[in-house]
Amino acid sequence: MTEEGVGDLNDLVERRLRKLRELKALGIEPYSGPWDARDRAGQLAAGYGTKSKEELEAAPPEVSVSGRLVAVRDFGKATFAHLLDGTGRIQLYLKKDVMGAEKYSFFGKYVDIGDIVGASGPLFKTRTGELTVEVRDFALLSKALRPLPEKWHGLQDVEIRYRQRYLDLIANPQVKEIFRLRSSVIKAIRDFLEEEGFIEVETPMMHRVAGGAAARPFKTRHLALDMDLYLRIAPELYLKRLLVGGYERVFELNKNFRNEGISTRHNPEFTMLEFYMANRDYVFLMSFTERMFTRIAMKTLGKIKFPYGDTEIDLTPPWPRYPMLDIMREKGVPAEAFRDPAAARQWAAGKNMEIAPGASFGKVLDEIFKEMVEPTLIQPAFITDYPVELSPLAKRKPSEPSLVERFELFIAGREIANAFSELTDPLDQRERFLRQVEEKAGGEEETHPMDEDFVRALEYGMPPAAGEGVGIDRLMMLLANVASIRDVILFPQMKPE
């Protein structure tokens, strides 16, 4: 930190800055090179935690650790401290007549809570049975100029927790476990799909034509090419181009970007899994999804029944399947709402639902579904057979051409996955794109222009296929038992301070 702006810092920070200047004046580098940390707190606890005090005294192992000081208790000629590394805590014991007066005095004068240090010495147990390193040597590795916040060990302020995630990770060990779980979930997904014959691919994150989902994109400008580009809202149209090209099973774990509001369920930047397979349909995908989700839960949680909020989620297959319009009727939506856009809008208004003025008929039905049905779907359930207006990329049901072969998976009252038999008819696809263009001209903000290249790809022939998108962040909310999407994204989007 530079000296500029020091006047705005509190007294504690100013005190640490003075120590920093003194260290540099003494020729001591307060941001030194790496420490040979051969040992980790968690590994030491696992390896020696069950040994008795006497067993350790008989053959004390020499250990070397590094991490952040999170507590210091000074008793004059001896000091106890706690060091936190990526695996847990371990106690340090610093004694003047063991370390020597000079090193002991240096520690007391220049080292603060929050500093990152290295320490080595024999391992022993205190009278209370706590594993402790008797420090023979130590080094200041990184001087912390800002003290940890007051009551940092119980940091609850969500603004601080999300905005300064580094403090949240220091203060709340359970937060680290959530993101370790997230890493395990991603690995379990990759392992499952690769065992099923999929290959992982990467598709562009900047698109000339936004498409693949109903959402508002972020817009940017490519200066060299002098053209507008859009951050992708979905990778779907590129992944299906790969099916045209001859790949039969592909998946991508990707970042998508949607220019929408921020809430406990939405972040403008989010992670999706999308996968596509040739010669399969949405019925096959339902059983495939059951297998995938139960496998992920077993690999990461060790069980398929687990708590979420005030209930227990049970992933035991098979999961019920409800046609969308049928379950809406069961929840009290009248028959005329499915036939007449004006009637649907009027009924929704009577229920105090907010419907955008330019919303299409399909969008109105979708809003009614979200209000009347979605919150009731706690245990896993597939909602199937959506109106074609809601699904411009899905194949029509041969028996009911006004519907498509599509399902959404709901768990804990929220959508987790969306899938369908893919539309492979280029003429039908062109007509649906043209209808979207008309809707956009009429004020529907979440529809998009014609993607001529995608239609051209379909004209070369795409095999029958099924595809699915899974919201990784929402899946993580479920498995980690948290209510906000911000708890499973390391650095969620926030308003400026």
# chains A, B, ... in the order shown; residues from 1 in each chain; ligands from 1
>>> closest_atom_pairs(of="stretch 8-96 of chain A", to="stretch 104-123 of chain A", cutoff="7 Å", atoms="only C-alpha atoms", output="Markdown table")
| residue | atom | partner | partner_atom | distance |
| --- | --- | --- | --- | --- |
| A:Lys19 | CA | A:Tyr110 | CA | 6.2 |
| A:Trp35 | CA | A:Gly118 | CA | 6.0 |
| A:Pro60 | CA | A:Leu123 | CA | 5.6 |
| A:Pro61 | CA | A:Pro122 | CA | 5.5 |
| A:Glu62 | CA | A:Pro122 | CA | 4.4 |
| A:Val63 | CA | A:Ser120 | CA | 5.6 |
| A:Ser64 | CA | A:Ser120 | CA | 4.1 |
| A:Val65 | CA | A:Ala119 | CA | 5.5 |
| A:Ser66 | CA | A:Gly118 | CA | 4.1 |
| A:Gly67 | CA | A:Ile116 | CA | 5.3 |
| A:Arg68 | CA | A:Ile116 | CA | 4.2 |
| A:Leu69 | CA | A:Ile113 | CA | 5.1 |
| A:Val70 | CA | A:Ile113 | CA | 5.4 |
| A:Ala71 | CA | A:Ile113 | CA | 6.0 |
| A:Val72 | CA | A:Ile113 | CA | 6.7 |
| A:Lys96 | CA | A:Tyr104 | CA | 5.4 |
>>> write_last_selection(atoms="C-alpha atoms", output="PDB file, in the first residue's frame")
ATOM      1  CA  LYS A  19       5.705  -1.210  11.415  1.00  0.00           C
ATOM      2  CA  TRP A  35       8.307 -20.959   3.221  1.00  0.00           C
ATOM      3  CA  PRO A  60       8.133 -35.487  18.725  1.00  0.00           C
ATOM      4  CA  PRO A  61       7.926 -35.025  14.952  1.00  0.00           C
ATOM      5  CA  GLU A  62       9.554 -31.938  13.428  1.00  0.00           C
ATOM      6  CA  VAL A  63       6.944 -30.010  11.440  1.00  0.00           C
ATOM      7  CA  SER A  64       6.850 -26.883   9.305  1.00  0.00           C
ATOM      8  CA  VAL A  65       3.649 -24.936   8.645  1.00  0.00           C
ATOM      9  CA  SER A  66       2.548 -21.625   7.195  1.00  0.00           C
ATOM     10  CA  GLY A  67      -0.666 -19.644   7.211  1.00  0.00           C
ATOM     11  CA  ARG A  68      -2.507 -16.655   8.621  1.00  0.00           C
ATOM     12  CA  LEU A  69      -2.354 -15.736  12.314  1.00  0.00           C
ATOM     13  CA  VAL A  70      -5.916 -15.536  13.563  1.00  0.00           C
ATOM     14  CA  ALA A  71      -5.361 -15.332  17.311  1.00  0.00           C
ATOM     15  CA  VAL A  72      -2.504 -14.296  19.615  1.00  0.00           C
ATOM     16  CA  LYS A  96      11.441 -16.637  24.770  1.00  0.00           C
TER      17      LYS A  96
END
>>> residues_around(residues="A:Leu365", least_positions_apart="5", cutoff="9 Å", atoms="only C-alpha atoms", output="list of chain:residue names")
A:Ala337, A:Phe338, A:Pro341, A:Ala344, A:Arg345, A:Ala348, A:Ser360, A:Lys370, A:Pro387, A:Leu390
>>> write_last_selection(atoms="N, CA and C atoms", output="PDB file, in the first residue's frame")
ATOM      1  N   ALA A 337     -57.901 -19.806 -20.605  1.00  0.00           N
ATOM      2  CA  ALA A 337     -56.587 -19.162 -20.564  1.00  0.00           C
ATOM      3  C   ALA A 337     -55.605 -19.842 -21.501  1.00  0.00           C
ATOM      4  N   PHE A 338     -55.860 -21.107 -21.832  1.00  0.00           N
ATOM      5  CA  PHE A 338     -54.959 -21.829 -22.726  1.00  0.00           C
ATOM      6  C   PHE A 338     -55.316 -21.624 -24.205  1.00  0.00           C
ATOM      7  N   PRO A 341     -55.231 -15.584 -25.739  1.00  0.00           N
ATOM      8  CA  PRO A 341     -54.219 -14.749 -25.084  1.00  0.00           C
ATOM      9  C   PRO A 341     -54.820 -13.656 -24.205  1.00  0.00           C
ATOM     10  N   ALA A 344     -55.995 -15.196 -20.992  1.00  0.00           N
ATOM     11  CA  ALA A 344     -54.860 -15.544 -20.134  1.00  0.00           C
ATOM     12  C   ALA A 344     -54.329 -14.308 -19.422  1.00  0.00           C
ATOM     13  N   ARG A 345     -54.197 -13.211 -20.186  1.00  0.00           N
ATOM     14  CA  ARG A 345     -53.682 -11.980 -19.597  1.00  0.00           C
ATOM     15  C   ARG A 345     -54.645 -11.436 -18.539  1.00  0.00           C
ATOM     16  N   ALA A 348     -54.451 -13.580 -15.389  1.00  0.00           N
ATOM     17  CA  ALA A 348     -53.213 -13.289 -14.652  1.00  0.00           C
ATOM     18  C   ALA A 348     -53.328 -11.959 -13.907  1.00  0.00           C
ATOM     19  N   SER A 360     -45.489 -12.200 -25.174  1.00  0.00           N
ATOM     20  CA  SER A 360     -46.204 -13.110 -26.062  1.00  0.00           C
ATOM     21  C   SER A 360     -47.153 -13.992 -25.260  1.00  0.00           C
ATOM     22  N   LYS A 370     -45.155 -20.032 -13.396  1.00  0.00           N
ATOM     23  CA  LYS A 370     -44.191 -19.703 -12.347  1.00  0.00           C
ATOM     24  C   LYS A 370     -44.879 -19.300 -11.051  1.00  0.00           C
ATOM     25  N   PRO A 387     -46.020 -25.448 -24.581  1.00  0.00           N
ATOM     26  CA  PRO A 387     -46.517 -24.828 -25.818  1.00  0.00           C
ATOM     27  C   PRO A 387     -45.364 -24.452 -26.742  1.00  0.00           C
ATOM     28  N   LEU A 390     -43.298 -21.207 -26.405  1.00  0.00           N
ATOM     29  CA  LEU A 390     -42.265 -21.078 -25.384  1.00  0.00           C
ATOM     30  C   LEU A 390     -40.965 -21.772 -25.772  1.00  0.00           C
TER      31      LEU A 390
END
>>> residues_around(residues="A:Ile178", least_positions_apart="4", cutoff="10 Å", atoms="only C-alpha atoms", output="mmCIF file with C-alpha atoms, in the first residue's frame")
data_model
loop_
_atom_site.group_PDB
_atom_site.id
_atom_site.type_symbol
_atom_site.label_atom_id
_atom_site.label_comp_id
_atom_site.auth_asym_id
_atom_site.auth_seq_id
_atom_site.Cartn_x
_atom_site.Cartn_y
_atom_site.Cartn_z
ATOM 1 C CA PRO A 173 -14.742 -22.342 7.314
ATOM 2 C CA GLN A 174 -18.099 -23.690 6.087
ATOM 3 C CA ARG A 182 -18.691 -27.254 -5.969
ATOM 4 C CA SER A 183 -15.362 -28.475 -7.322
ATOM 5 C CA SER A 184 -16.374 -32.071 -6.532
ATOM 6 C CA MET A 476 -25.134 -26.220 -6.002
ATOM 7 C CA MET A 477 -27.703 -24.319 -3.939
ATOM 8 C CA LEU A 479 -26.631 -29.789 -2.685
ATOM 9 C CA ALA A 480 -25.077 -27.217 -0.337
ATOM 10 C CA ASN A 481 -28.423 -26.446 1.357
ATOM 11 C CA VAL A 482 -28.297 -22.678 0.863
ATOM 12 C CA ASP A 487 -23.620 -18.375 -1.516
ATOM 13 C CA VAL A 488 -22.403 -20.691 -4.304
ATOM 14 C CA ILE A 489 -20.703 -18.109 -6.566
ATOM 15 C CA LEU A 490 -17.327 -16.987 -5.283
#
>>> residues_around(residues="A:Phe275", least_positions_apart="2", cutoff="7 Å", atoms="only C-alpha atoms", output="list in words")
Val250, Phe251, Glu252, Leu273, Met277, Gly467, Glu468 and Gly469 of chain A
>>> closest_residue(among="A:Leu325, A:Ala356, A:Met292, A:Ile313", to="A:Ile378", atoms="only C-alpha atoms")
A:Ile313
>>> residues_around(residues="stretch 204-210 of chain A", least_positions_apart="3", cutoff="9 Å", atoms="only C-alpha atoms", output="PDB file with C-alpha atoms, in the first residue's frame")
ATOM      1  CA  ALA A 213     -32.507 -18.802 -24.958  1.00  0.00           C
ATOM      2  CA  ALA A 215     -32.998 -13.488 -22.456  1.00  0.00           C
ATOM      3  CA  ARG A 216     -31.538 -10.021 -22.875  1.00  0.00           C
ATOM      4  CA  PRO A 217     -27.832 -10.117 -23.794  1.00  0.00           C
ATOM      5  CA  THR A 220     -20.143  -5.036 -26.725  1.00  0.00           C
ATOM      6  CA  MET A 227     -19.330  -4.665 -35.440  1.00  0.00           C
ATOM      7  CA  ASP A 228     -21.485  -5.357 -32.401  1.00  0.00           C
ATOM      8  CA  LEU A 229     -21.102  -8.621 -30.515  1.00  0.00           C
ATOM      9  CA  TYR A 230     -23.075 -10.156 -27.659  1.00  0.00           C
ATOM     10  CA  LEU A 231     -21.894 -12.118 -24.650  1.00  0.00           C
ATOM     11  CA  ARG A 232     -23.508 -15.499 -25.008  1.00  0.00           C
ATOM     12  CA  ILE A 233     -26.786 -16.193 -23.309  1.00  0.00           C
ATOM     13  CA  ALA A 234     -26.490 -19.903 -24.186  1.00  0.00           C
ATOM     14  CA  PRO A 235     -24.092 -22.133 -26.188  1.00  0.00           C
ATOM     15  CA  TYR A 238     -23.020 -23.746 -31.554  1.00  0.00           C
ATOM     16  CA  ASN A 254     -19.742 -22.794 -19.643  1.00  0.00           C
ATOM     17  CA  LYS A 255     -20.258 -19.261 -18.420  1.00  0.00           C
ATOM     18  CA  ASN A 256     -23.379 -17.532 -19.729  1.00  0.00           C
ATOM     19  CA  THR A 447     -36.417 -12.606 -28.508  1.00  0.00           C
ATOM     20  CA  HIS A 448     -33.623 -12.382 -31.062  1.00  0.00           C
ATOM     21  CA  PRO A 449     -32.851 -11.808 -34.748  1.00  0.00           C
ATOM     22  CA  MET A 450     -32.715 -14.544 -37.356  1.00  0.00           C
ATOM     23  CA  ASP A 451     -29.598 -16.722 -37.136  1.00  0.00           C
TER      24      ASP A 451
END
